[in-house]
Structure formats: C-alpha cells, structure tokens
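Okay, so here's the structure we're looking at.
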Amino acid sequence: MAWAQGRRFGRSFVRGAAVAATLLTGGAALAAEAGKPVPWQMDLQTPVTEVATEIYNFHHLLNVIMLAIVLLVLALLLIVIFRFNERAQPNPSRTTHNTMLEVAWTIVPVLILVAIAIPSFRVLRTQLSDPKADLMVKVIGHAWYWSYEYPQEVGGFKFDANLLEGEDQVKSGQPKLLATDNEMVVPVNKIVKIQVTAADVMHSWALPSFGFKIDAIPGRLNQFWFKADREGTYHGQCSELCGQRHAYMPITVKVVSDAAFQAWTAEAKTKFARVEGAGKFADAR
C-alpha cells in the first residue's frame, strides 16, 4: 500500500511540475498581444509604456521568487518525509535548538523582502515621476460612457466614446465589448498626461497595456502620465463597479504617428463639438 501511495504521489508531482513548466515557459506564447486580451491568455498584455514594462518585469520577478520558495519548501518537506520517518530513523533526535537555522530563517526572509522592495520602489518612482507633458487630455466618466476633452492647443474639442455594438462592432474588427465609436487618439513617443474625473458616480479608467488604472471621482481631478512606444489600438474598461452598465463602458486609445495625429486633430475640429475655455486644464508641468 505504501508503494502504491508513493507511486500516486510521484504521478501527482510530475503533473504539478508539468503544469508549472507550462505556466513558466508557455506564458510568453500565450501572452495577450499589445492592446487586447486573447483566448487562453496566461500572461499580462504586452507592455507598451515604461511603467507597464517595469510592472511586467516586476511581476515575473515575483513569480520566480515564489517558485523558488515553493520548491525549497517542497524539498524540505520531502527530506522530512523520507529521511526522518519512523522506519528510516526509529530513534528520533531530541534536538530543540539550532542557532544557525534560527539565524538563517530570520535573515533569508529579510533578504527576500529587500529583493522585492528594490524593484518595487523603482516602479513607484517611475509611476510618481512628473515629466513635462507634450499633450494634455481630460477624461470624464459618465454613467455609462467616457468623454474626452482636448486642449485649445490641438483644437479645443470634446467628444463622447460609447460602446460599439452589433454590426458596427463586427465591421470595425475590434474586440467585442471593448470597441468604442470614437477613440482617444494620441501621438506615439510623446508624454501624454490625462486628468480624470467623473460626472456622476465613481469610475476607473484602466488600460492594461499602459500599465495603470486611475479612479474617476466626482468633484476630484486625478492625474497620470504615459508615453506609448509603439503605434496601435489599445483597449481597456472601467474597473470600478459603477452601476447597471458598468460592463459596457470600454476604453479605446489609438496611438498614431505625429503626422497622423495632426491629420486627426484637423478633422476632429470640424467633427466634434468645440469647447469654450478648453485650454483650462489644472496646472501640470
């Protein structure tokens, strides 16, 4: 019976190791492409900003540390099970203290926390830095859609972005429940600051490939920055449970070249409503 139990344990261990290997080696293959999720995704979306890249690397560092700890604990358990069982050691040791072990299990966790803290602080420093903005965009959450306001320097206009549904969504070729009728358009490799608020209830503007989410709170203005390093269309969603149609207020950001951005703003000036005093953003460097 003991042999059968050991055989079953061995099979379970092999299966577990296979799953772990799949998660570690297959994660990159099954990662979501930049801007949207994919079926059977097991990794984060491809990062396209400095903040998202640092979060992505930090996430994988934590996975490696956790795997190392799990394997160490597993090895210790196996040693205890097979080396110190009643049959292998009928006369158990009476040892109650071991200075070296006590020092080790105090210092090692401290070193692990330091190894985690250093890259964590680096990510926070990047997130909280305040570079000079090349473009400001005001984002306003409504129940249940987003509106975007551009400053006077690029045309002083405002538009709403609603969920694209039915045939319109199919024709757009964009993911279901993530496409909008109007996209927020920004230039590539430019520092964009967004100022986020809400008109009614709390919302949260979140974009995984950009590596951040920021709350939209009525009566309050929150600010964040990003610099997308590649062109493309990126999708997100409201991440605050905000009411009946919370699941139907997606976010679409289109990153384009400088020339394409200039062409878009020229068209947007006539397509969208002009806003009086559109240049009046909160002070930002």
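Chain labels run A, B, ... following the order of the structure tokens; each chain numbers its residues from 1, and ligands are numbered from 1 in the order shown.
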
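In the backbone-derived DSSP annotation, strand (DSSP E) within range 69-201 of chain A comprises A:Leu135, A:Met136, A:Val137, A:Lys138, A:Val139, A:Ile140, A:Gly141, A:His142, A:Tyr145, A:Trp146, A:Ser147, A:Tyr148, A:Glu149, A:Phe157, A:Lys158, A:Phe159, A:Asp160, A:Ala161, A:Met184, A:Val185, A:Val186, A:Pro187, A:Val192, A:Lys193, A:Ile194, A:Gln195, A:Val196, A:Thr197, A:Ala198.
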
field: range 180-183 of chain A environment, 10 Å, only C-alpha atoms, sequence neighbours closer than 5 positions dropped, as a list in words
entry: Tyr145, Trp146, Ser147, Tyr148, Phe159, Asp160, Ala161, Asn162, Leu163, Leu164, Glu165, Asp168, Gln169, Ser172, Gln174, Pro175, Thr233, Tyr234, His235, Tyr248, Met249, Pro250, Ile251, Thr252, Val253, Lys254 and Val255 of chain A

Include N, CA, C and O atoms and write out the residues we just selected as a compact mmCIF listing (two decimals), in the first residue's frame.
# COMPACT_ATOMS: atom_id res chain seq x y z
N TYR A 145 -20.48 55.84 -20.06
CA TYR A 145 -19.61 56.07 -21.21
C TYR A 145 -18.51 57.03 -20.77
O TYR A 145 -18.55 57.59 -19.68
N TRP A 146 -17.52 57.23 -21.65
CA TRP A 146 -16.44 58.16 -21.38
C TRP A 146 -16.50 59.33 -22.34
O TRP A 146 -16.93 59.18 -23.48
N SER A 147 -16.06 60.48 -21.89
CA SER A 147 -15.89 61.62 -22.79
C SER A 147 -14.47 62.14 -22.65
O SER A 147 -13.85 62.01 -21.58
N TYR A 148 -13.97 62.72 -23.74
CA TYR A 148 -12.58 63.17 -23.81
C TYR A 148 -12.54 64.61 -24.27
O TYR A 148 -13.20 64.99 -25.23
N PHE A 159 -15.51 65.02 -27.18
CA PHE A 159 -16.38 64.01 -27.78
C PHE A 159 -16.65 62.89 -26.78
O PHE A 159 -15.91 62.72 -25.81
N ASP A 160 -17.71 62.15 -27.03
CA ASP A 160 -18.08 61.00 -26.22
C ASP A 160 -17.63 59.72 -26.90
O ASP A 160 -17.56 59.65 -28.13
N ALA A 161 -17.34 58.70 -26.09
CA ALA A 161 -16.96 57.39 -26.61
C ALA A 161 -17.89 56.35 -26.01
O ALA A 161 -17.83 56.06 -24.81
N ASN A 162 -18.77 55.81 -26.84
CA ASN A 162 -19.75 54.82 -26.40
C ASN A 162 -19.39 53.44 -26.94
O ASN A 162 -18.67 53.30 -27.94
N LEU A 163 -19.93 52.44 -26.30
CA LEU A 163 -19.72 51.06 -26.70
C LEU A 163 -20.20 50.84 -28.14
O LEU A 163 -21.29 51.26 -28.52
N LEU A 164 -19.39 50.16 -28.92
CA LEU A 164 -19.75 49.81 -30.29
C LEU A 164 -20.40 48.42 -30.24
O LEU A 164 -19.81 47.46 -29.74
N GLU A 165 -21.61 48.32 -30.78
CA GLU A 165 -22.37 47.07 -30.68
C GLU A 165 -22.85 46.61 -32.06
O GLU A 165 -22.84 47.36 -33.03
N ASP A 168 -21.98 47.27 -36.27
CA ASP A 168 -20.91 48.27 -36.22
C ASP A 168 -19.65 47.70 -35.60
O ASP A 168 -18.53 47.96 -36.06
N GLN A 169 -19.82 46.92 -34.54
CA GLN A 169 -18.66 46.30 -33.89
C GLN A 169 -18.02 45.27 -34.79
O GLN A 169 -16.78 45.20 -34.90
N SER A 172 -16.01 46.90 -37.50
CA SER A 172 -14.80 47.58 -37.01
C SER A 172 -13.61 46.63 -36.88
O SER A 172 -12.45 47.06 -36.90
N GLN A 174 -12.80 45.21 -34.22
CA GLN A 174 -12.28 45.35 -32.87
C GLN A 174 -12.95 44.34 -31.94
O GLN A 174 -14.03 43.81 -32.24
N PRO A 175 -12.34 44.05 -30.78
CA PRO A 175 -12.90 43.03 -29.88
C PRO A 175 -14.28 43.40 -29.37
O PRO A 175 -14.58 44.57 -29.12
N THR A 233 -3.79 50.15 -31.52
CA THR A 233 -5.05 50.42 -30.84
C THR A 233 -5.08 49.61 -29.56
O THR A 233 -4.89 48.38 -29.59
N TYR A 234 -5.33 50.27 -28.44
CA TYR A 234 -5.26 49.64 -27.13
C TYR A 234 -6.60 49.76 -26.42
O TYR A 234 -7.24 50.80 -26.46
N HIS A 235 -6.98 48.67 -25.76
CA HIS A 235 -8.31 48.60 -25.16
C HIS A 235 -8.23 48.43 -23.64
O HIS A 235 -7.32 47.80 -23.11
N TYR A 248 -20.23 47.84 -19.82
CA TYR A 248 -20.40 48.30 -21.20
C TYR A 248 -19.85 49.72 -21.40
O TYR A 248 -20.40 50.48 -22.18
N MET A 249 -18.80 50.05 -20.69
CA MET A 249 -18.15 51.35 -20.93
C MET A 249 -16.66 51.13 -21.15
O MET A 249 -15.81 51.41 -20.29
N PRO A 250 -16.31 50.60 -22.33
CA PRO A 250 -14.91 50.31 -22.65
C PRO A 250 -14.10 51.57 -22.94
O PRO A 250 -14.64 52.67 -23.05
N ILE A 251 -12.81 51.36 -23.06
CA ILE A 251 -11.85 52.44 -23.35
C ILE A 251 -11.04 52.02 -24.58
O ILE A 251 -10.53 50.89 -24.63
N THR A 252 -10.93 52.90 -25.54
CA THR A 252 -10.09 52.64 -26.72
C THR A 252 -9.17 53.82 -26.93
O THR A 252 -9.62 54.95 -27.05
N VAL A 253 -7.87 53.53 -26.94
CA VAL A 253 -6.86 54.55 -27.19
C VAL A 253 -6.08 54.16 -28.45
O VAL A 253 -5.58 53.03 -28.55
N LYS A 254 -6.01 55.07 -29.38
CA LYS A 254 -5.30 54.83 -30.63
C LYS A 254 -4.02 55.65 -30.63
O LYS A 254 -4.06 56.88 -30.52
N VAL A 255 -2.88 54.98 -30.73
CA VAL A 255 -1.58 55.65 -30.76
C VAL A 255 -1.12 55.71 -32.22
O VAL A 255 -1.02 54.68 -32.89

Near-Lys158 in chain A list (8 Å; only C-alpha atoms; drop same-chain fewer than 2 positions) as a compact mmCIF listing (two decimals) with N, CA, C and O atoms, in the first residue's frame:
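Produced file selection-v8.txt, reproduced below:
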# COMPACT_ATOMS: atom_id res chain seq x y z
N SER A 147 -16.06 60.48 -21.89
CA SER A 147 -15.89 61.62 -22.79
C SER A 147 -14.47 62.14 -22.65
O SER A 147 -13.85 62.01 -21.58
N TYR A 148 -13.97 62.72 -23.74
CA TYR A 148 -12.58 63.17 -23.81
C TYR A 148 -12.54 64.61 -24.27
O TYR A 148 -13.20 64.99 -25.23
N GLU A 149 -11.72 65.40 -23.59
CA GLU A 149 -11.60 66.83 -23.91
C GLU A 149 -10.14 67.16 -24.21
O GLU A 149 -9.25 66.87 -23.40
N TYR A 150 -9.91 67.76 -25.39
CA TYR A 150 -8.57 68.12 -25.80
C TYR A 150 -8.38 69.63 -25.63
O TYR A 150 -9.32 70.41 -25.80
N GLY A 156 -9.20 72.28 -29.16
CA GLY A 156 -10.23 72.62 -28.18
C GLY A 156 -11.56 71.97 -28.44
O GLY A 156 -12.58 72.65 -28.53
N ASP A 160 -17.71 62.15 -27.03
CA ASP A 160 -18.08 61.00 -26.22
C ASP A 160 -17.63 59.72 -26.90
O ASP A 160 -17.56 59.65 -28.13
N PHE A 272 -16.12 67.21 -34.11
CA PHE A 272 -16.58 67.21 -32.73
C PHE A 272 -16.89 68.63 -32.25
O PHE A 272 -16.45 69.61 -32.84
N ALA A 273 -17.61 68.68 -31.14
CA ALA A 273 -18.04 69.97 -30.60
C ALA A 273 -16.87 70.74 -30.03
O ALA A 273 -16.01 70.19 -29.33
N ARG A 274 -16.82 72.04 -30.32
CA ARG A 274 -15.81 72.91 -29.73
C ARG A 274 -16.20 73.20 -28.28
O ARG A 274 -17.38 73.27 -27.94
N VAL A 275 -15.19 73.35 -27.44
CA VAL A 275 -15.43 73.59 -26.01
C VAL A 275 -14.89 74.96 -25.65
O VAL A 275 -13.73 75.28 -25.90

message: Could you list, as a PyMOL selection string, every residue within 8 Å of range 196-212 of chain A, counting only C-alpha atoms and ignoring same-chain residues fewer than 6 positions away?
response: chain A and resi 34-36+44-49+51-53+55+138-143+218-223+226+228+234-242+251

- prompt: Out of range 21-171 of chain A, which residues get alpha helix (DSSP H) from DSSP, as a PyMOL selection string?
  reply: chain A and resi 21-25+50-83+99-128+166-171

statement: Across A:Arg87, A:Lys190, A:Arg94, A:Lys176, the smallest distance to Val38 in chain A, with only C-alpha atoms counted, is shown by A:Lys176

- request: Just give me the gap between CA of Lys213 in chain A and CA of Tyr56 in chain A in Å, one decimal is fine.
  value: 14.7 Å

- prompt: Smallest atom-to-atom distance to Met136 in chain A: which of A:Trp40, A:Phe58, A:Phe261, A:Trp225, using only C-alpha atoms?
  reply: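 For Met136 in chain A, the nearest of the candidates is A:Trp225.
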
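Using only C-alpha atoms, the shortest contact distance between Gln195 in chain A and any of A:Gly166, A:Pro151, A:Gly173, A:Gly232 is found at A:Pro151.
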
- request: Find the residues around Ala259 in chain A up to 12 Å (only C-alpha atoms counted), leave out those fewer than 5 positions away in its own chain, and share them as a list in words.
  value: Val186, Pro187, Val188, Trp264, Thr265 and Ala266 of chain A

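Coordinates place CA of Val123 in chain A at a distance of 19.0 Å from CA of Leu111 in chain A.
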
message: So, with only C-alpha atoms as the atoms that count, which of A:Ile116, A:Lys269, A:Arg122, A:Ala260 lies closest to Glu153 in chain A?
response: A:Lys269
